[in-house]
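Remarks on the structure that follows.
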Amino acid sequence: MSVADYTQTVEDHCKILILVKPISIGNGTKATDFKFNRILQMINNLSMVTIPDESRQIHIRYQRVVPLENNDWGEFQAHRKVMGLVAVGFLTQLDTDPSTETQVTKIVELFDNLKEKYGATLYNSRCIVIGQTANQSNEQLRSDILFYLSLDQSDSLDKDIRDFVSSIFWVLESKNRDKSYERSERLPLLSVPIEKRDLVGMDTDSRSYKKKCLGRLRKNLGDVCLMLNLTQDALIHYRTAVDLCKSCNDFLWLAGSLEGLCVASLTSQSQMDESSSLHRIASFQGSAAGLLAVSNARSHRNRLLGSTLTEGGLPVPKLKYELSFDEIIDKYREALIHYKKFGGAQIIETEATVKASRALIERNLRLEASDFLHNVVSLAASATDETERLQRYNALCALYTQLGFHRKAAFFKRIAAIQCIQKCARPSWNSFYNMSIETTSGYRIKFDPKECSQIDGWPSLQLKVLFELIHAARKIERPDVAMRHLALLLYTQLPRLGVAAQREYTHLLAILAKEHVAKSSAVAIDTGLILPPVPLSNIPEARVFRLLELEPSLLPRTSKTGGKFESTPVFIYSPMQLVKPKDKRTRVTCVRGCWCDVIVDFYNPLNQELHVSNISLLCNDLDADCPSQSVVIAPISTRAQLRLKVRPHRVGELVVTGYQATVFGVKSLVRLTSTTVCVVDRLPHLVVATVTPNDVVVTSNRFTVALLSGQMRDIIVHMVNQSDTAVESFSIETTNPSIECSYTDCQSSVKILPGGSIDLSVSITACDIGWSRSELDDPKKVSLKSLGGSVKIIYSGGGGRVSGYYRLLELDIDVTVSPSLILTSWRFKPPRSPSVIDVELDVDNVSKEDIEVRSSYGLIDIPTIQSRRVLHEISRLKYSVCHSLSDLRDHLSRSIALPWCDLSHNNHGVGVWGDLGQIESSALVQDPISWDVTINGTVVAGPVTVPLCELVAMDISICGELTQSDCWLSVLPYQDRLGSEPLSDIDQKLAMVGIAATPIHHMLPVSPFVHRCHFLVLSPGVYYFRIAVTPNNEYSDCSENSKTISTFNPPISITTTSNT
């Protein structure tokens, strides 16, 4: 044999071989080839034919090419014999054209030549002529010529082919039924081409010769029985042939008989599995596919384990001489050993090994199949013909792929690819590339960058295969494919490349990019494989990719709830934890027409300077501007930070998916974690243009000013609208009561046009921070204090205002405070009138400058590091209003906040005293009652002198509105004992004449209450009268410790004079 068929299987032994050949009477055309392929497909559909009256099915194998050398081995193995011939010819003229008769004659002549060529083995033949109907010409009177007008009008073709196959079947059946070999003493000796020389001089009368003839005949009958679907008869013939050939040392035919015995046993087991599966499916209503799979698996398992029981436990009917699977493996090995003894049977040995391997693979016996394939490897290495070696390596690749040994399959495919270019005058680089690309799956080379995230496979092998693909792609003039493979090499193998290799490959990529413009779309190759674009995301490597939030002054803001009430959902217990997956995408809010920034940190992994150009962001289809940038990165992981920008032009969601860049002439689209930008409609943009006075330090929106405690400073902030949207709403808030802000326009009418401006007046008062006494005593220890606050400017306009968005411009104000005036102590003076009271303030000037303080009594100059007592008049609060302690403190703090002036720098401020301590509420609140007291008709305005031992009249008139009824007006005389308790028991010194305490049931502001009493001074001295209005339960006591509603202040001082 000259050509091995590596596609053969065990089932091919049971099939009749029919040769289907096209007959060309002129130059072949693509249309003719198409028609032949179509009719060949129609014939191939008849791969199994049921013979009438026999209830037997025979299988057919159609081949377009069968070498004559292979056909000569038909006596050794009948399935190699061409038993039928079907020739197909097409007429090129119309049926009515006279030249068609000539064409028919030519087709018939070529058909007869084919019959003569394969006549030694043919049992029957047919010639199909397409393009003419049958008439009465000589050629058309032949029964082996079939005429059809067209392919569409060939309905009888199916029947004609079945009849043709049936005729071959009856020829084989007649050979099977011929038992003449049992009676004949002289049998023909079947032989193979390599035995022709050995037959010369052979003793034909010997017993060994007769056994050889009978053994070979029985082996041939076994082949015929397999084709006739008579498995039991085939087993008997093969078994007999084995015994006969073994007895006469006919090792080649012994090997064929052993192989036939194994094939017949495998065929029997396959038929048993199919019948068992079909029986179970017919008796059970369910999924046919599922039951078939389960039944096949169980039957196959039983046979592997040597079981002889069916699924129901009944014995499995086993054919006579049928081998178990272990025996099949042993017999196959024995057959291969005998095949090795004959050099001319190498192709037979190879095909037998391939068929045995496929049978083992189908039964999932991988290790046993691998052992058989080792024999094919040695046979392939010993083959001398390059084409033969190429076919064997491809067959090994296919078998190892079916076996699941993908790396070994890739190894043989790569060897086959090398055969296309090695030691060839005209290397076939196309074949080399197409075969090499098939090895990538075995070496775990993935062309999709999404599948290359993890290291998988064998890097050294992958690197070598990729380099071979790059070289082959350049040889076949596909620079686009070479660039795609080179980009994949750099993407996956960069960490394993040395410095020299990195420079070589990157330089090669740059050269290819200059020769051919790289595409960002997928590239298709001749094999149909699609090569997706490979982004060089690792050259450079983006280790940081972060979308920045807008500056606080540019960030659009809105209310959290949007004015909608969200009710609390009803709680329902469930054991299922239905947790919604979190959206891992970063979300940033931006304004239409406003720039957004993305920070990208690039690292250069190469040992060379890296030029990266056309770097810009990748976004979804939302309209946006993405300007490009370029950067040069120094070698070896030097960080280069870029700020990429994007400006959306429409409202919606802008998704930033990554960036694009050009490296070594290759444009890469690098997809990273998606970041969503929520784009809202346009909003105005206010910025600070100028700030006065000039001593205010301005850093962005932060102002820094140095003040003395209590100093006041006015700052004018000039702001400009830099957007193309007008400011339609404007409001101001402050976070510190010491900072006040205002502007001249009315808030409801503020509208700042694009390019317009507005002036804000910010008033700052430095409050008392609170320095310790030790700090104030030592000026070197006095530290500066800080006062912080901010002015929040809330404004909106345009479409953003309609959507409920606004912007917040926050002006931060930092005040550095140094001490100025310190209040060391204070006290109230006795009230001079019901509405005012004097306060004495002890003030220290701890500043470095002289300060002039203005009080209600004039200007007081306080030199630096000195103290002064300042008397100041403050108003008293009305009694009719209820005042809390906090109100009293606030009133006192405001009243004594004395204005002052720094004489050296003309700085102005007010006294800020901090915590004032305990406050006497009665001193700050006016009496609810106005008093008018006269003694002997004279209004009391100070100390009164009365004569000794004379009756003195005291008239008391009060006016006001009492909130409490049933009160008492009491008069209590006493003497002051200089710091001791007042002495009220003075009956021996002063006598009261009349009623000293009288009830007050009701009093109105317009109706004064009048009371008169008299007293007589019996002993010289200084006496005091305490006059007060007390509650009903306090009528008998109006001492200092008693509860009073109103008291006449100051107490009346009485002195006596002598009568002489």
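Residues in the structure tokens are numbered from 1 in each chain, the chains being A, B, ... in the order shown, and ligands are numbered from 1 in the order shown.
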### Task
Show which residues sit within 6 Å of Ser637 of chain A, as a PyMOL selection string. Count only C-alpha atoms, and ignore same-chain residues fewer than 3 positions away.
chain A and resi 603-605
### Message
Given only C-alpha atoms as the basis, pick out the residue of A:Pro540, A:Pro427, A:Pro479, A:Pro556 nearest to Tyr491 of chain A.
### Response
A:Pro540
### Query
Taking only C-alpha atoms into account, which of A:Gly710, A:Gly756, A:Pro67, A:Gly131 comes nearest Gly914 of chain A?
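Counting only C-alpha atoms, the residue closest to Gly914 of chain A is A:Gly710.
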#### Entry: Shell around Glu468 of chain A at 9 Å using only C-alpha atoms, local window under 4 positions removed, as a ChimeraX atom specification
/A:433,436,463-464,472-473
### Task
Find the residue from A:Trp913, A:Trp826, A:Phe342, A:Phe664 that sits nearest to His872 of chain A; use only C-alpha atoms when measuring.
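Smallest separation from His872 of chain A among the options: A:Trp826.
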### Neighbour list for Cys248 of chain A as a ChimeraX atom specification, cut-off 10 Å, only C-alpha atoms, skip fewer than 6 positions in-chain
/A:207-212,215,254
### Task
Could you give me, as a list of chain:residue names, each residue of segment 115-220 of chain A that DSSP assigns to strand (DSSP E or B) when run on this structure's backbone?
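In segment 115-220 of chain A, DSSP puts these residues in strand (DSSP E or B): A:Asn124, A:Ser125, A:Arg126, A:Cys127, A:Ile128, A:Val129, A:Ile130, A:Ile145, A:Leu146, A:Phe147, A:Tyr148.
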### Query
Given the choices A:Ser984, A:Ser742, A:Ser537, A:Asn607, which gets closest to Gly658 of chain A if the distance is worked out from only C-alpha atoms?
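Smallest distance to Gly658 of chain A is found for A:Ser537.
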### Query
Which neighbours of Ile530 of chain A fall inside 12 Å, counting only C-alpha atoms, when residues of the same chain fewer than 4 positions from it are skipped, and could you give them as an MDAnalysis selection string?
chainID A and resid 437 446:448 481 484 521:526
### Top pick for closest residue to Ile822 of chain A, considering A:Ala996, A:Val912, A:Leu784, A:Ile956 and counting only C-alpha atoms
A:Val912
### Query
With only C-alpha atoms as the atoms that count, which of A:Thr699, A:Arg647, A:Ala78, A:Leu871 lies nearest to Tyr857 of chain A?
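Residue with the minimum atom-to-atom distance to Tyr857 of chain A: A:Leu871.
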### Nearby residues (only C-alpha atoms) at most 9 Å from Ile862 of chain A, same-chain spacing under 2 positions excluded, as JSON, numbers by chain
{"A": [843, 844, 845, 850, 851, 852, 853, 860, 864, 865, 866, 867, 868]}
I need the chosen residues saved as a compact mmCIF listing (two decimals), in the first residue's frame, with N, CA, C and O atoms.
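Written output follows (part.txt):
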```txt
# COMPACT_ATOMS: atom_id res chain seq x y z
N VAL A 843 -10.33 97.26 83.59
CA VAL A 843 -9.86 96.84 82.27
C VAL A 843 -8.35 96.92 82.22
O VAL A 843 -7.76 97.94 82.62
N ASP A 844 -7.70 95.83 81.70
CA ASP A 844 -6.24 95.79 81.48
C ASP A 844 -5.97 95.84 79.98
O ASP A 844 -6.61 95.12 79.19
N ASN A 845 -5.02 96.66 79.59
CA ASN A 845 -4.57 96.72 78.20
C ASN A 845 -3.33 95.82 78.07
O ASN A 845 -2.24 96.18 78.52
N ASP A 850 -1.20 101.62 72.73
CA ASP A 850 -2.13 102.35 73.60
C ASP A 850 -3.52 102.31 72.99
O ASP A 850 -3.68 102.46 71.76
N ILE A 851 -4.52 102.16 73.88
CA ILE A 851 -5.90 102.03 73.41
C ILE A 851 -6.76 103.06 74.13
O ILE A 851 -6.65 103.26 75.34
N GLU A 852 -7.63 103.67 73.34
CA GLU A 852 -8.56 104.66 73.87
C GLU A 852 -9.95 104.03 73.90
O GLU A 852 -10.46 103.57 72.87
N VAL A 853 -10.56 104.01 75.12
CA VAL A 853 -11.86 103.39 75.33
C VAL A 853 -12.91 104.48 75.49
O VAL A 853 -12.69 105.46 76.21
N ILE A 860 -11.41 107.28 77.72
CA ILE A 860 -10.42 106.90 78.73
C ILE A 860 -9.24 106.29 78.00
O ILE A 860 -9.40 105.32 77.24
N THR A 864 -0.38 100.87 77.20
CA THR A 864 -0.08 99.46 77.06
C THR A 864 0.41 98.88 78.37
O THR A 864 1.13 99.53 79.15
N ILE A 865 -0.02 97.69 78.68
CA ILE A 865 0.34 96.94 79.88
C ILE A 865 -0.02 97.74 81.14
O ILE A 865 0.73 97.79 82.11
N GLN A 866 -1.16 98.41 81.13
CA GLN A 866 -1.65 99.11 82.31
C GLN A 866 -3.14 98.85 82.46
O GLN A 866 -3.79 98.36 81.53
N SER A 867 -3.67 99.21 83.66
CA SER A 867 -5.08 98.97 83.98
C SER A 867 -5.77 100.30 84.27
O SER A 867 -5.16 101.25 84.73
N ARG A 868 -7.06 100.35 84.01
CA ARG A 868 -7.91 101.51 84.33
C ARG A 868 -9.28 100.98 84.75
O ARG A 868 -9.73 99.94 84.30
```
